[in-house]
file data_13.txt (compact mmCIF, C-alpha atoms)
# COMPACT_ATOMS: atom_id res chain seq x y z
CA MET A 17 -151.70 77.53 2.68
CA ALA A 18 -149.57 74.43 2.58
CA THR A 19 -146.59 76.51 1.53
CA PHE A 20 -147.29 78.94 4.30
CA LEU A 21 -147.40 76.19 6.90
CA SER A 22 -144.27 74.48 5.72
CA ASN A 23 -142.60 77.87 5.74
CA ILE A 24 -143.45 78.31 9.40
CA ILE A 25 -142.35 74.82 10.25
CA PHE A 26 -139.12 75.32 8.40
CA LYS A 27 -138.45 78.63 10.12
CA GLY A 28 -139.32 77.07 13.43
CA ILE A 29 -136.73 74.37 12.93
CA ALA A 30 -134.16 76.84 11.66
CA SER A 31 -134.52 79.10 14.68
CA ARG A 32 -134.50 76.07 16.99
CA SER A 33 -131.04 75.15 15.89
CA LEU A 34 -129.81 78.70 16.44
CA THR A 35 -130.96 78.95 20.01
CA THR A 36 -129.19 77.02 22.71
CA HIS A 37 -132.14 76.74 25.03
CA LEU A 38 -135.83 75.83 24.93
CA SER A 39 -134.94 72.46 23.57
CA SER A 40 -137.70 70.26 24.89
CA SER A 41 -140.77 69.36 22.98
CA CYS A 42 -142.91 70.86 25.72
CA TYR A 43 -141.70 74.22 24.56
CA TYR A 44 -142.80 73.83 21.01
CA GLY A 45 -146.00 75.82 21.34
CA MET A 46 -144.17 78.82 22.66
CA ARG A 47 -141.44 78.56 20.15
CA TYR A 48 -144.01 78.73 17.43
CA LEU A 49 -145.50 81.93 18.82
CA ASN A 50 -142.09 83.55 19.14
CA THR A 51 -141.15 82.66 15.64
CA VAL A 52 -144.29 84.09 14.21
CA SER A 53 -144.34 87.30 16.19
CA ASN A 54 -140.82 88.22 15.11
CA ASP A 55 -141.45 87.55 11.48
CA PRO A 56 -142.07 90.77 9.52
CA ASP A 57 -143.73 88.87 6.66
CA THR A 58 -146.42 87.42 8.83
CA HIS A 59 -149.93 88.76 8.62
CA ASP A 60 -151.32 90.46 11.73
CA ASP A 61 -153.98 87.78 12.03
CA PHE A 62 -151.35 85.26 12.97
CA LYS A 63 -149.69 87.29 15.66
CA PRO A 64 -150.41 86.31 19.25
CA ALA A 65 -153.16 88.48 20.63
CA ASN A 66 -152.70 90.18 23.95
CA LYS A 67 -156.20 90.17 25.30
CA ASN A 68 -155.44 92.59 28.09
CA GLU A 69 -153.71 95.26 26.08
CA SER A 70 -156.65 97.63 25.87
CA SER A 71 -158.40 96.80 29.12
CA GLY A 72 -155.84 98.54 31.32
CA ILE A 73 -155.54 95.50 33.60
CA SER A 74 -151.96 94.40 34.09
CA LEU A 75 -151.08 90.74 33.90
CA SER A 76 -149.90 90.63 37.49
CA ASP A 77 -153.39 91.82 38.50
CA VAL A 78 -154.84 88.99 36.43
CA VAL A 79 -152.69 86.45 38.28
CA GLU A 80 -153.53 87.99 41.64
CA LYS A 81 -157.24 87.84 40.86
CA ASP A 82 -156.97 84.28 39.52
CA VAL A 83 -155.42 82.92 42.66
CA LYS A 84 -157.78 84.87 44.91
CA ASP A 85 -160.97 83.86 43.09
CA ASN A 86 -160.11 80.23 42.41
CA PRO A 87 -159.41 77.96 45.38
CA VAL A 88 -157.38 75.62 43.17
CA MET A 89 -155.60 77.42 40.36
CA ILE A 90 -153.08 75.80 38.06
CA TYR A 91 -150.95 77.50 35.42
CA MET A 92 -149.93 74.78 33.05
CA LYS A 93 -148.83 73.79 29.56
CA GLY A 94 -151.97 72.85 27.71
CA VAL A 95 -155.39 72.47 29.31
CA PRO A 96 -156.49 69.97 32.00
CA ASP A 97 -158.13 67.64 29.47
CA PHE A 98 -155.18 67.89 27.10
CA PRO A 99 -151.94 68.69 28.93
CA GLN A 100 -148.99 69.37 26.63
CA CYS A 101 -146.25 68.45 29.05
CA GLY A 102 -145.68 65.43 31.27
CA PHE A 103 -145.26 67.51 34.42
CA SER A 104 -148.47 69.46 33.84
CA SER A 105 -150.22 66.19 33.11
CA LEU A 106 -148.98 64.71 36.37
CA ALA A 107 -150.13 67.70 38.41
CA VAL A 108 -153.62 67.61 36.85
CA ARG A 109 -153.88 63.86 37.47
CA VAL A 110 -153.03 64.36 41.13
CA LEU A 111 -155.51 67.20 41.58
CA LYS A 112 -158.29 65.27 39.83
CA HIS A 113 -158.14 62.73 42.65
CA TYR A 114 -159.92 65.28 44.78
CA ASP A 115 -163.45 66.50 44.35
CA VAL A 116 -162.57 70.17 44.05
CA PRO A 117 -163.08 72.70 41.25
CA LEU A 118 -159.91 73.05 39.20
CA SER A 119 -159.23 76.33 37.41
CA ALA A 120 -156.50 76.44 34.83
CA ARG A 121 -154.76 78.72 32.41
CA ASN A 122 -152.67 77.59 29.50
CA ILE A 123 -149.40 79.51 29.58
CA LEU A 124 -148.39 78.20 26.16
CA GLU A 125 -151.04 80.46 24.68
CA ASP A 126 -149.71 83.57 26.31
CA PRO A 127 -145.97 84.10 26.77
CA GLU A 128 -146.60 87.36 28.64
CA LEU A 129 -148.87 85.67 31.14
CA LYS A 130 -146.19 83.02 31.56
CA GLY A 131 -143.69 85.72 32.52
CA ALA A 132 -146.17 87.37 34.88
CA VAL A 133 -146.86 84.09 36.72
CA LYS A 134 -143.14 83.40 37.11
CA ALA A 135 -142.58 86.88 38.50
CA PHE A 136 -145.55 86.52 40.84
CA SER A 137 -144.45 83.25 42.41
CA HIS A 138 -140.67 83.60 41.96
CA TRP A 139 -140.72 80.08 40.58
CA PRO A 140 -138.95 79.18 37.33
CA THR A 141 -140.95 76.27 35.91
CA PHE A 142 -144.46 75.09 35.06
CA PRO A 143 -146.92 73.82 36.16
CA GLN A 144 -147.51 76.10 39.11
CA ILE A 145 -150.27 75.36 41.58
CA PHE A 146 -151.95 77.82 43.90
CA ILE A 147 -154.35 76.67 46.61
CA LYS A 148 -156.49 79.18 48.47
CA GLY A 149 -154.37 82.02 47.18
CA GLU A 150 -151.10 80.49 48.30
CA PHE A 151 -148.39 79.25 45.99
CA VAL A 152 -147.95 75.55 46.68
CA GLY A 153 -145.30 74.51 44.16
CA GLY A 154 -144.81 72.49 41.01
CA SER A 155 -145.50 68.88 40.07
CA ASP A 156 -142.86 67.32 42.38
CA ILE A 157 -144.30 69.11 45.40
CA ILE A 158 -147.95 68.43 44.60
CA LEU A 159 -147.18 64.74 44.12
CA ASN A 160 -145.29 64.64 47.39
CA MET A 161 -148.15 66.38 49.23
CA HIS A 162 -150.60 63.93 47.70
CA GLN A 163 -148.54 61.01 48.95
CA ASN A 164 -148.04 62.28 52.48
CA GLY A 165 -151.63 63.45 53.01
CA GLU A 166 -150.89 67.17 53.19
CA LEU A 167 -152.84 67.87 50.03
CA LYS A 168 -155.95 66.15 51.35
CA GLU A 169 -155.74 68.24 54.49
CA MET A 170 -155.27 71.42 52.49
CA LEU A 171 -158.20 70.75 50.15
CA LYS A 172 -160.70 69.41 52.67
CA ASP A 173 -162.52 72.70 53.29
CA ILE A 174 -162.88 73.53 49.59
CA LYS A 175 -166.40 73.02 48.29
CA SER A 176 -166.82 70.25 45.75
CA LYS A 177 -167.71 70.86 42.12
CA GLN A 178 -171.47 70.45 42.62
CA MET B 22 -125.24 73.78 23.96
CA GLY B 23 -127.46 73.27 26.95
CA VAL B 24 -126.24 72.44 30.41
CA THR B 25 -124.28 69.37 31.40
CA LYS B 26 -124.90 67.06 34.32
CA GLU B 27 -121.46 68.06 35.62
CA GLN B 28 -122.36 71.76 35.59
CA VAL B 29 -125.53 71.11 37.56
CA GLU B 30 -123.64 68.94 40.02
CA SER B 31 -120.83 71.42 40.56
CA SER B 32 -123.24 74.34 41.12
CA LEU B 33 -125.19 72.32 43.64
CA LYS B 34 -122.01 71.23 45.39
CA ALA B 35 -120.62 74.74 45.50
CA LYS B 36 -123.77 76.36 46.84
CA LEU B 37 -125.47 73.77 49.02
CA ASN B 38 -122.55 71.78 50.40
CA PRO B 39 -124.48 68.53 50.02
CA SER B 40 -123.49 65.30 51.70
CA HIS B 41 -125.02 63.45 48.78
CA VAL B 42 -126.01 64.65 45.35
CA GLU B 43 -127.18 62.77 42.32
CA VAL B 44 -128.02 64.41 39.00
CA ILE B 45 -129.54 62.48 36.15
CA ASP B 46 -129.77 63.96 32.68
CA THR B 47 -133.21 62.96 31.40
CA SER B 48 -133.10 65.11 28.28
CA GLY B 49 -131.58 62.47 26.05
CA GLY B 50 -128.46 64.60 25.62
CA CYS B 51 -129.67 68.11 24.88
CA GLY B 52 -129.17 69.19 28.48
CA ALA B 53 -132.59 70.66 29.12
CA SER B 54 -134.03 68.21 31.58
CA PHE B 55 -132.65 66.86 34.84
CA VAL B 56 -133.69 64.85 37.85
CA VAL B 57 -131.97 65.84 41.06
CA GLU B 58 -131.57 64.09 44.39
CA ILE B 59 -129.83 66.13 47.04
CA VAL B 60 -129.04 65.82 50.73
CA SER B 61 -127.98 68.98 52.53
CA GLU B 62 -127.96 70.42 56.02
CA GLN B 63 -129.28 73.63 54.54
CA PHE B 64 -132.71 71.99 54.26
CA GLU B 65 -132.96 71.62 58.02
CA GLY B 66 -136.20 73.09 59.37
CA LYS B 67 -137.44 74.07 55.92
CA ARG B 68 -140.65 73.06 54.18
CA LEU B 69 -140.48 71.27 50.86
CA LEU B 70 -141.42 74.43 48.96
CA GLU B 71 -138.55 76.33 50.58
CA ARG B 72 -136.16 73.45 49.87
CA HIS B 73 -137.12 73.51 46.22
CA ARG B 74 -136.65 77.28 46.17
CA ILE B 75 -133.13 76.81 47.56
CA VAL B 76 -132.30 74.32 44.79
CA ASN B 77 -133.86 76.54 42.12
CA ALA B 78 -131.85 79.50 43.41
CA ALA B 79 -128.63 77.50 43.42
CA LEU B 80 -129.25 76.67 39.77
CA GLU B 81 -130.43 80.14 38.79
CA GLU B 82 -127.96 80.49 35.92
CA GLU B 83 -128.52 76.98 34.65
CA MET B 84 -132.30 77.30 34.89
CA ILE B 85 -132.25 79.72 31.96
CA GLU B 86 -131.34 76.80 29.75
CA ILE B 87 -132.91 73.98 31.71
CA HIS B 88 -136.45 73.33 30.71
CA ALA B 89 -137.43 70.72 33.24
CA LEU B 90 -135.94 70.21 36.67
CA SER B 91 -137.46 67.47 38.73
CA ILE B 92 -136.35 67.59 42.34
CA LYS B 93 -136.98 64.03 43.37
CA LYS B 94 -135.46 64.39 46.80
CA ALA B 95 -134.40 67.39 48.86
CA VAL B 96 -133.75 66.00 52.31
CA THR B 97 -131.63 66.62 55.38
CA PRO B 98 -128.78 64.22 56.22
CA GLU B 99 -130.90 62.80 59.04
CA GLN B 100 -133.91 62.14 56.80
CA TRP B 101 -131.60 60.62 54.23
CA LYS B 102 -130.17 58.23 56.80
CA GLN B 103 -133.67 57.17 57.88
CA GLN B 104 -134.76 56.65 54.30
CA GLN B 105 -131.68 54.59 53.50
CA GLU B 106 -132.24 52.42 56.55
CA SER B 107 -135.94 51.84 55.86
CA SER B 108 -135.32 51.02 52.20
CA ASN B 109 -132.59 48.58 53.24
CA SER B 110 -134.83 46.84 55.70
CA VAL B 111 -137.53 46.43 53.04
CA ALA B 112 -135.00 44.99 50.63
call {"tool": "encode", "arguments": {"input": "data_13.txt", "output": "structure tokens"}}
result
Amino acid sequence: MATFLSNIIFKGIASRSLTTHLSSSCYYGMRYLNTVSNDPDTHDDFKPANKNESSGISLSDVVEKDVKDNPVMIYMKGVPDFPQCGFSSLAVRVLKHYDVPLSARNILEDPELKGAVKAFSHWPTFPQIFIKGEFVGGSDIILNMHQNGELKEMLKDIKSKQ
Amino acid sequence: MGVTKEQVESSLKAKLNPSHVEVIDTSGGCGASFVVEIVSEQFEGKRLLERHRIVNAALEEEMIEIHALSIKKAVTPEQWKQQQESSNSVA
């Protein structure tokens, strides 16, 4: 097991130096998945699972349903209680100021979902925040809206968590 | 390897004709993370989301290699002037 792990880590590092992009630590989770899924020696158990493959629901439908059903929806790196990127962390901290239910998906766990969200919003980076079905922006915008009062106004008619 | 501060600046200058632009490389050298401050007439009458979309679009090619782009300011020349004046009066 130890050998197996060090093998993955080694391959991860090796492929990192070959690619010119994806250089930030925030990307590490995804990098790991990519490395594993392209490795012919890897056991099926370690491949990323596409949960929607057999259900016939496309990922863009998932995103559409997410943003429709959840008044505050955030696609982020990590989860709200453990963000894996400073920008995602900032966005969650801002949204937690308000007493509204926060729904989140971790795009590091699902590269295909990540692509689907980007295509849906035509926005290149994460986090991405949707309020009442509308794409609001990333962490810079949510912080700005928090500071100028727009966010409070936008969230005021959303029922609190209780 | 990566994108340079100069590349980001020249793309922004070419596409948005800014009266002021400041790009800071926050990646520690690998060229994947930038903070941008930009003043352009093209932002006139546009919401912040649309302004950010304009900047993202101007950097479409670079964005493939940029991991984090923080748009600290995307303001019109008039807003920029006001902000400069108010920050001066505070200081």
call {"tool": "closest_residue", "arguments": {"input": "data_13.txt", "among": "B:Asn38, B:Ser91, B:Gln104, B:Ser110", "to": "B:His73", "atoms": "only C-alpha atoms"}}
result
B:Ser91
call {"tool": "closest_atom_pairs", "arguments": {"input": "data_13.txt", "of": "chain B", "to": "chain A", "cutoff": "12 Å", "atoms": "only C-alpha atoms", "output": "CSV"}}
result
residue,atom,partner,partner_atom,distance
B:Met22,CA,A:Thr36,CA,5.3
B:Gly23,CA,A:Thr36,CA,5.9
B:Val24,CA,A:His37,CA,9.1
B:Thr47,CA,A:Ser40,CA,10.8
B:Ser48,CA,A:Ser40,CA,7.7
B:Gly49,CA,A:Ser40,CA,10.0
B:Gly50,CA,A:Ser39,CA,10.4
B:Cys51,CA,A:Ser39,CA,7.0
B:Gly52,CA,A:Ser39,CA,8.3
B:Ala53,CA,A:Ser39,CA,6.3
B:Ser54,CA,A:Ser40,CA,7.9
B:Phe55,CA,A:Ser40,CA,11.7
B:Val56,CA,A:Asp156,CA,10.5
B:Val57,CA,A:Asp156,CA,11.1
B:Glu58,CA,A:Asp156,CA,11.9
B:Arg68,CA,A:Ile157,CA,10.3
B:Leu69,CA,A:Ile157,CA,7.0
B:Leu70,CA,A:Gly153,CA,6.2
B:Glu71,CA,A:Gly153,CA,9.5
B:Arg72,CA,A:Ile157,CA,10.3
B:His73,CA,A:Ile157,CA,8.5
B:Arg74,CA,A:Trp139,CA,7.5
B:Ile75,CA,A:Trp139,CA,10.8
B:Val76,CA,A:Trp139,CA,11.0
B:Asn77,CA,A:Pro140,CA,7.5
B:Ala78,CA,A:Trp139,CA,9.3
B:Leu80,CA,A:Pro140,CA,10.3
B:Glu81,CA,A:Pro140,CA,8.7
B:Glu82,CA,A:Pro140,CA,11.2
B:Glu83,CA,A:His37,CA,10.3
B:Met84,CA,A:Pro140,CA,7.3
B:Ile85,CA,A:His37,CA,7.5
B:Glu86,CA,A:His37,CA,4.8
B:Ile87,CA,A:His37,CA,7.3
B:His88,CA,A:Leu38,CA,6.3
B:Ala89,CA,A:Thr141,CA,7.1
B:Leu90,CA,A:Thr141,CA,7.9
B:Ser91,CA,A:Asp156,CA,6.5
B:Ile92,CA,A:Asp156,CA,6.5
B:Lys93,CA,A:Asp156,CA,6.8
B:Lys94,CA,A:Asp156,CA,9.1
B:Ala95,CA,A:Ile157,CA,10.6
call {"tool": "residues_around", "arguments": {"input": "data_13.txt", "residues": "A:Lys84", "least_positions_apart": "4", "cutoff": "8 Å", "atoms": "only C-alpha atoms", "output": "compact mmCIF listing (two decimals) with C-alpha atoms, in the frame of the given file"}}
result
# COMPACT_ATOMS: atom_id res chain seq x y z
CA GLU A 80 -153.53 87.99 41.64
CA LYS A 148 -156.49 79.18 48.47
CA GLY A 149 -154.37 82.02 47.18
call {"tool": "atom_distance", "arguments": {"input": "data_13.txt", "atom1": "atom CA of A:Ala135", "atom2": "atom CA of A:Arg121"}}
result
15.9 Å
call {"tool": "atom_distance", "arguments": {"input": "data_13.txt", "atom1": "atom CA of A:Leu124", "atom2": "atom CA of A:Gly94"}}
result
6.6 Å
call {"tool": "residues_around", "arguments": {"input": "data_13.txt", "residues": "B:Ser31", "least_positions_apart": "3", "cutoff": "12 Å", "atoms": "all atoms listed in the file", "output": "PyMOL selection string"}}
result
chain B and resi 24-28+34-39+42-44+79-80+83
call {"tool": "atom_distance", "arguments": {"input": "data_13.txt", "atom1": "atom CA of B:Glu106", "atom2": "atom CA of A:Leu167"}}
result
26.6 Å
call {"tool": "residues_around", "arguments": {"input": "data_13.txt", "residues": "stretch 170-173 of chain A", "least_positions_apart": "5", "cutoff": "8 Å", "atoms": "all atoms listed in the file", "output": "list of chain:residue names"}}
result
A:Tyr114, A:Val116, A:Ile147
call {"tool": "write_last_selection", "arguments": {"input": "data_13.txt", "atoms": "C-alpha atoms", "output": "PDB file, in the frame of the given file"}}
result
ATOM      1  CA  TYR A 114    -159.920  65.280  44.780  1.00  0.00           C
ATOM      2  CA  VAL A 116    -162.570  70.170  44.050  1.00  0.00           C
ATOM      3  CA  ILE A 147    -154.350  76.670  46.610  1.00  0.00           C
TER       4      ILE A 147
END
